[in-house]
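Report on the following structure.
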Amino acid sequence: MPDVDLREEIIRLGPWHLDVQVTPEISTSVSLEAPEGSYDDSFGPVSFQPGEKGFKHKLRRLYPAGLEGRSVLDCACNCGAYLFWAKDAGAGHCRGFDVREHWIHQARFLQRHRRGPNADVQFEVRDLMDLPDLGLEPFDITVFTGVLYHLADPIRGLQIAAGLTKELLVLDTATTLDRPDDGFILAEESVEELMSGVHGLAWRPTGPHVLRRVLAWAGFEHTHVVRWASGEGWRGRRLGMLAARRPELLEPYTAAAHQGTNSP
């Protein structure tokens, strides 16, 4: 597809949430050039974020030799960015799903046009709660980013993801500020806006302690917090955690933490 057509199609498929390089010259950031009024107000506010550098940095620390064909599942995959970045790092079979068709249309577009390893990646429109009905074999790595706090039953959702994961769970979620770290706080959200869930109820964890308890119950006793900080525009903190079946997988992080030199 010529560059001018590629740019127009990226804009047409917007808004986008994640910045993905499609060709050396063009990324999904061209959607930010869309004329005012290009996107329906019902979409709601959609933030635009990078993420490739940080995610690949995590993978390099945990898997210095690359992913070496490991399978990856992305729950609520948005435009599929994390799976494409995992493929760049040597992943094998990848599967992503999202409850909103908007994001899956974007993911399939990127799979057709992104310059990179895009084979053996599957995308579908599906609700997290329906995964147990599919009889899937567990994946080596599961990405669970930006979904926990949109779930009407976050503990069950996390249990489903954990049950489909053999090695590593990469989790990122909004939390609630100024509460004891011992539970989930109920909120209500739109069921129509692109950046919301579809159930109307949303439960935000109060911090890493309660998630460690839930993850241990779900079979992931070894965890490491890579980020827990307030962000401008957020109503709470953002929490990034890694959870592993085996403690040695997290050693690059835990060892650095003991030495006071850790970073995401």
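Following the order of the structure tokens, first chain is A, next is B, and so on, with residues numbered from 1 inside each chain and ligands from 1 in the order they appear.
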
Write out as an MDAnalysis selection string the set of residues from segment 46-264 of chain A that DSSP, computed on the backbone, places in strand (DSSP E or B).
chainID A and resid 49 72:75 94:98 121:125 139:145 165:174 184:188 201:205 222:230 237:244

Residues at most 7 Å from segment 137-149 of chain A, counting only C-alpha atoms, excluding those fewer than 6 positions away in the same chain, as a PyMOL selection string?
chain A and resi 70-76+164-174+202-204

Just N, CA, C and O atoms for this one: save the residues we selected as a PDB file, in the first residue's frame.
ATOM      1  N   ARG A  70       8.463 -18.851  22.405  1.00  0.00           N
ATOM      2  CA  ARG A  70       7.439 -18.961  23.444  1.00  0.00           C
ATOM      3  C   ARG A  70       6.103 -18.409  22.939  1.00  0.00           C
ATOM      4  O   ARG A  70       6.055 -17.450  22.193  1.00  0.00           O
ATOM      5  N   SER A  71       5.039 -19.020  23.405  1.00  0.00           N
ATOM      6  CA  SER A  71       3.703 -18.572  23.026  1.00  0.00           C
ATOM      7  C   SER A  71       3.253 -17.449  23.954  1.00  0.00           C
ATOM      8  O   SER A  71       3.627 -17.402  25.128  1.00  0.00           O
ATOM      9  N   VAL A  72       2.447 -16.538  23.406  1.00  0.00           N
ATOM     10  CA  VAL A  72       2.022 -15.357  24.158  1.00  0.00           C
ATOM     11  C   VAL A  72       0.524 -15.128  23.951  1.00  0.00           C
ATOM     12  O   VAL A  72       0.029 -15.155  22.826  1.00  0.00           O
ATOM     13  N   LEU A  73      -0.172 -14.888  25.052  1.00  0.00           N
ATOM     14  CA  LEU A  73      -1.582 -14.534  25.045  1.00  0.00           C
ATOM     15  C   LEU A  73      -1.718 -13.098  25.520  1.00  0.00           C
ATOM     16  O   LEU A  73      -1.102 -12.707  26.507  1.00  0.00           O
ATOM     17  N   ASP A  74      -2.525 -12.301  24.826  1.00  0.00           N
ATOM     18  CA  ASP A  74      -2.786 -10.934  25.258  1.00  0.00           C
ATOM     19  C   ASP A  74      -4.278 -10.777  25.503  1.00  0.00           C
ATOM     20  O   ASP A  74      -5.094 -10.864  24.581  1.00  0.00           O
ATOM     21  N   CYS A  75      -4.630 -10.568  26.772  1.00  0.00           N
ATOM     22  CA  CYS A  75      -6.025 -10.391  27.166  1.00  0.00           C
ATOM     23  C   CYS A  75      -6.408  -8.922  27.024  1.00  0.00           C
ATOM     24  O   CYS A  75      -5.752  -8.057  27.619  1.00  0.00           O
ATOM     25  N   ALA A  76      -7.450  -8.634  26.269  1.00  0.00           N
ATOM     26  CA  ALA A  76      -7.832  -7.257  25.948  1.00  0.00           C
ATOM     27  C   ALA A  76      -6.685  -6.597  25.204  1.00  0.00           C
ATOM     28  O   ALA A  76      -6.076  -5.633  25.656  1.00  0.00           O
ATOM     29  N   LEU A 164      -4.244 -19.867  32.299  1.00  0.00           N
ATOM     30  CA  LEU A 164      -3.781 -20.046  30.918  1.00  0.00           C
ATOM     31  C   LEU A 164      -2.312 -19.671  30.752  1.00  0.00           C
ATOM     32  O   LEU A 164      -1.842 -19.499  29.627  1.00  0.00           O
ATOM     33  N   THR A 165      -1.583 -19.566  31.866  1.00  0.00           N
ATOM     34  CA  THR A 165      -0.204 -19.071  31.816  1.00  0.00           C
ATOM     35  C   THR A 165       0.750 -20.053  32.474  1.00  0.00           C
ATOM     36  O   THR A 165       0.552 -20.451  33.620  1.00  0.00           O
ATOM     37  N   LYS A 166       1.805 -20.416  31.752  1.00  0.00           N
ATOM     38  CA  LYS A 166       2.782 -21.380  32.270  1.00  0.00           C
ATOM     39  C   LYS A 166       3.977 -20.724  32.955  1.00  0.00           C
ATOM     40  O   LYS A 166       4.540 -21.298  33.887  1.00  0.00           O
ATOM     41  N   GLU A 167       4.398 -19.545  32.498  1.00  0.00           N
ATOM     42  CA  GLU A 167       5.634 -18.958  33.015  1.00  0.00           C
ATOM     43  C   GLU A 167       5.454 -17.587  33.628  1.00  0.00           C
ATOM     44  O   GLU A 167       5.787 -17.381  34.797  1.00  0.00           O
ATOM     45  N   LEU A 168       4.967 -16.643  32.838  1.00  0.00           N
ATOM     46  CA  LEU A 168       5.016 -15.235  33.224  1.00  0.00           C
ATOM     47  C   LEU A 168       3.700 -14.540  32.933  1.00  0.00           C
ATOM     48  O   LEU A 168       3.127 -14.695  31.863  1.00  0.00           O
ATOM     49  N   LEU A 169       3.254 -13.725  33.890  1.00  0.00           N
ATOM     50  CA  LEU A 169       2.087 -12.879  33.723  1.00  0.00           C
ATOM     51  C   LEU A 169       2.540 -11.426  33.849  1.00  0.00           C
ATOM     52  O   LEU A 169       3.147 -11.038  34.853  1.00  0.00           O
ATOM     53  N   VAL A 170       2.293 -10.638  32.803  1.00  0.00           N
ATOM     54  CA  VAL A 170       2.648  -9.222  32.791  1.00  0.00           C
ATOM     55  C   VAL A 170       1.375  -8.428  33.030  1.00  0.00           C
ATOM     56  O   VAL A 170       0.456  -8.449  32.202  1.00  0.00           O
ATOM     57  N   LEU A 171       1.306  -7.748  34.163  1.00  0.00           N
ATOM     58  CA  LEU A 171       0.072  -7.105  34.586  1.00  0.00           C
ATOM     59  C   LEU A 171       0.281  -5.605  34.744  1.00  0.00           C
ATOM     60  O   LEU A 171       1.287  -5.163  35.297  1.00  0.00           O
ATOM     61  N   ASP A 172      -0.671  -4.829  34.252  1.00  0.00           N
ATOM     62  CA  ASP A 172      -0.662  -3.388  34.468  1.00  0.00           C
ATOM     63  C   ASP A 172      -2.097  -2.936  34.691  1.00  0.00           C
ATOM     64  O   ASP A 172      -2.997  -3.322  33.934  1.00  0.00           O
ATOM     65  N   THR A 173      -2.325  -2.159  35.739  1.00  0.00           N
ATOM     66  CA  THR A 173      -3.682  -1.769  36.080  1.00  0.00           C
ATOM     67  C   THR A 173      -3.714  -0.414  36.756  1.00  0.00           C
ATOM     68  O   THR A 173      -2.737   0.011  37.375  1.00  0.00           O
ATOM     69  N   ALA A 174      -4.843   0.267  36.639  1.00  0.00           N
ATOM     70  CA  ALA A 174      -5.084   1.432  37.477  1.00  0.00           C
ATOM     71  C   ALA A 174      -5.441   0.945  38.875  1.00  0.00           C
ATOM     72  O   ALA A 174      -5.997  -0.149  39.050  1.00  0.00           O
ATOM     73  N   ALA A 202     -16.767  -1.624  37.508  1.00  0.00           N
ATOM     74  CA  ALA A 202     -15.309  -1.694  37.430  1.00  0.00           C
ATOM     75  C   ALA A 202     -14.759  -1.702  38.848  1.00  0.00           C
ATOM     76  O   ALA A 202     -15.156  -0.888  39.677  1.00  0.00           O
ATOM     77  N   TRP A 203     -13.859  -2.617  39.119  1.00  0.00           N
ATOM     78  CA  TRP A 203     -13.260  -2.748  40.447  1.00  0.00           C
ATOM     79  C   TRP A 203     -11.773  -2.435  40.366  1.00  0.00           C
ATOM     80  O   TRP A 203     -11.024  -3.129  39.686  1.00  0.00           O
ATOM     81  N   ARG A 204     -11.346  -1.400  41.077  1.00  0.00           N
ATOM     82  CA  ARG A 204      -9.929  -1.037  41.092  1.00  0.00           C
ATOM     83  C   ARG A 204      -9.255  -1.602  42.336  1.00  0.00           C
ATOM     84  O   ARG A 204      -9.715  -1.388  43.449  1.00  0.00           O
TER      85      ARG A 204
END

Counting only C-alpha atoms, what is within 10 Å of Glu188 of chain A, bar same-chain residues fewer than 4 positions away, as a ChimeraX atom specification?
/A:150,152,196-197,199-203

Keeping only all heavy atoms, write the selected residues to a file as an mmCIF file, in the first residue's frame.
data_model
loop_
_atom_site.group_PDB
_atom_site.id
_atom_site.type_symbol
_atom_site.label_atom_id
_atom_site.label_comp_id
_atom_site.auth_asym_id
_atom_site.auth_seq_id
_atom_site.Cartn_x
_atom_site.Cartn_y
_atom_site.Cartn_z
ATOM 1 N N HIS A 150 -11.420 -2.966 34.541
ATOM 2 C CA HIS A 150 -12.652 -2.845 33.756
ATOM 3 C C HIS A 150 -13.570 -4.047 33.975
ATOM 4 O O HIS A 150 -14.617 -4.142 33.316
ATOM 5 C CB HIS A 150 -12.331 -2.747 32.267
ATOM 6 C CG HIS A 150 -11.625 -1.486 31.872
ATOM 7 N ND1 HIS A 150 -12.097 -0.244 32.191
ATOM 8 C CD2 HIS A 150 -10.469 -1.291 31.183
ATOM 9 C CE1 HIS A 150 -11.278 0.683 31.711
ATOM 10 N NE2 HIS A 150 -10.277 0.070 31.100
ATOM 11 N N ALA A 152 -16.145 -6.711 35.898
ATOM 12 C CA ALA A 152 -17.142 -6.817 36.955
ATOM 13 C C ALA A 152 -16.723 -7.848 37.999
ATOM 14 O O ALA A 152 -17.151 -7.781 39.153
ATOM 15 C CB ALA A 152 -18.499 -7.188 36.359
ATOM 16 N N SER A 196 -13.365 1.932 27.913
ATOM 17 C CA SER A 196 -14.027 1.363 29.079
ATOM 18 C C SER A 196 -14.284 -0.115 28.855
ATOM 19 O O SER A 196 -14.059 -0.653 27.775
ATOM 20 C CB SER A 196 -15.351 2.085 29.348
ATOM 21 O OG SER A 196 -16.307 1.737 28.350
ATOM 22 N N GLY A 197 -14.777 -0.761 29.908
ATOM 23 C CA GLY A 197 -15.224 -2.135 29.772
ATOM 24 C C GLY A 197 -16.630 -2.173 29.193
ATOM 25 O O GLY A 197 -17.152 -1.167 28.718
ATOM 26 N N HIS A 199 -19.223 -4.002 30.984
ATOM 27 C CA HIS A 199 -20.135 -4.535 31.999
ATOM 28 C C HIS A 199 -20.717 -3.466 32.920
ATOM 29 O O HIS A 199 -21.598 -3.763 33.726
ATOM 30 C CB HIS A 199 -19.421 -5.599 32.834
ATOM 31 C CG HIS A 199 -18.896 -6.743 32.019
ATOM 32 N ND1 HIS A 199 -19.714 -7.655 31.404
ATOM 33 C CD2 HIS A 199 -17.630 -7.105 31.700
ATOM 34 C CE1 HIS A 199 -18.985 -8.537 30.742
ATOM 35 N NE2 HIS A 199 -17.723 -8.232 30.901
ATOM 36 N N GLY A 200 -20.209 -2.224 32.829
ATOM 37 C CA GLY A 200 -20.756 -1.152 33.646
ATOM 38 C C GLY A 200 -20.109 -1.037 35.009
ATOM 39 O O GLY A 200 -19.969 0.059 35.540
ATOM 40 N N LEU A 201 -19.708 -2.158 35.585
ATOM 41 C CA LEU A 201 -19.027 -2.148 36.875
ATOM 42 C C LEU A 201 -17.525 -2.277 36.667
ATOM 43 O O LEU A 201 -17.072 -2.973 35.762
ATOM 44 C CB LEU A 201 -19.502 -3.301 37.756
ATOM 45 C CG LEU A 201 -20.957 -3.268 38.219
ATOM 46 C CD1 LEU A 201 -21.239 -4.464 39.118
ATOM 47 C CD2 LEU A 201 -21.275 -1.978 38.955
ATOM 48 N N ALA A 202 -16.767 -1.624 37.508
ATOM 49 C CA ALA A 202 -15.309 -1.694 37.430
ATOM 50 C C ALA A 202 -14.759 -1.702 38.848
ATOM 51 O O ALA A 202 -15.156 -0.888 39.677
ATOM 52 C CB ALA A 202 -14.768 -0.488 36.666
ATOM 53 N N TRP A 203 -13.859 -2.617 39.119
ATOM 54 C CA TRP A 203 -13.260 -2.748 40.447
ATOM 55 C C TRP A 203 -11.773 -2.435 40.366
ATOM 56 O O TRP A 203 -11.024 -3.129 39.686
ATOM 57 C CB TRP A 203 -13.454 -4.165 40.973
ATOM 58 C CG TRP A 203 -14.870 -4.530 41.266
ATOM 59 C CD1 TRP A 203 -15.785 -5.025 40.391
ATOM 60 C CD2 TRP A 203 -15.535 -4.428 42.516
ATOM 61 N NE1 TRP A 203 -16.982 -5.247 41.011
ATOM 62 C CE2 TRP A 203 -16.863 -4.890 42.325
ATOM 63 C CE3 TRP A 203 -15.146 -3.987 43.790
ATOM 64 C CZ2 TRP A 203 -17.792 -4.930 43.363
ATOM 65 C CZ3 TRP A 203 -16.077 -4.028 44.826
ATOM 66 C CH2 TRP A 203 -17.378 -4.498 44.606
#

A:Gly80, A:Pro35, A:Gly157, A:Gly54: which is nearest Val121 of chain A, counting only C-alpha atoms?
A:Gly80

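When atom CA of Gly116 of chain A is paired with atom CA of Ile11 of chain A, their separation reads 20.8 Å.
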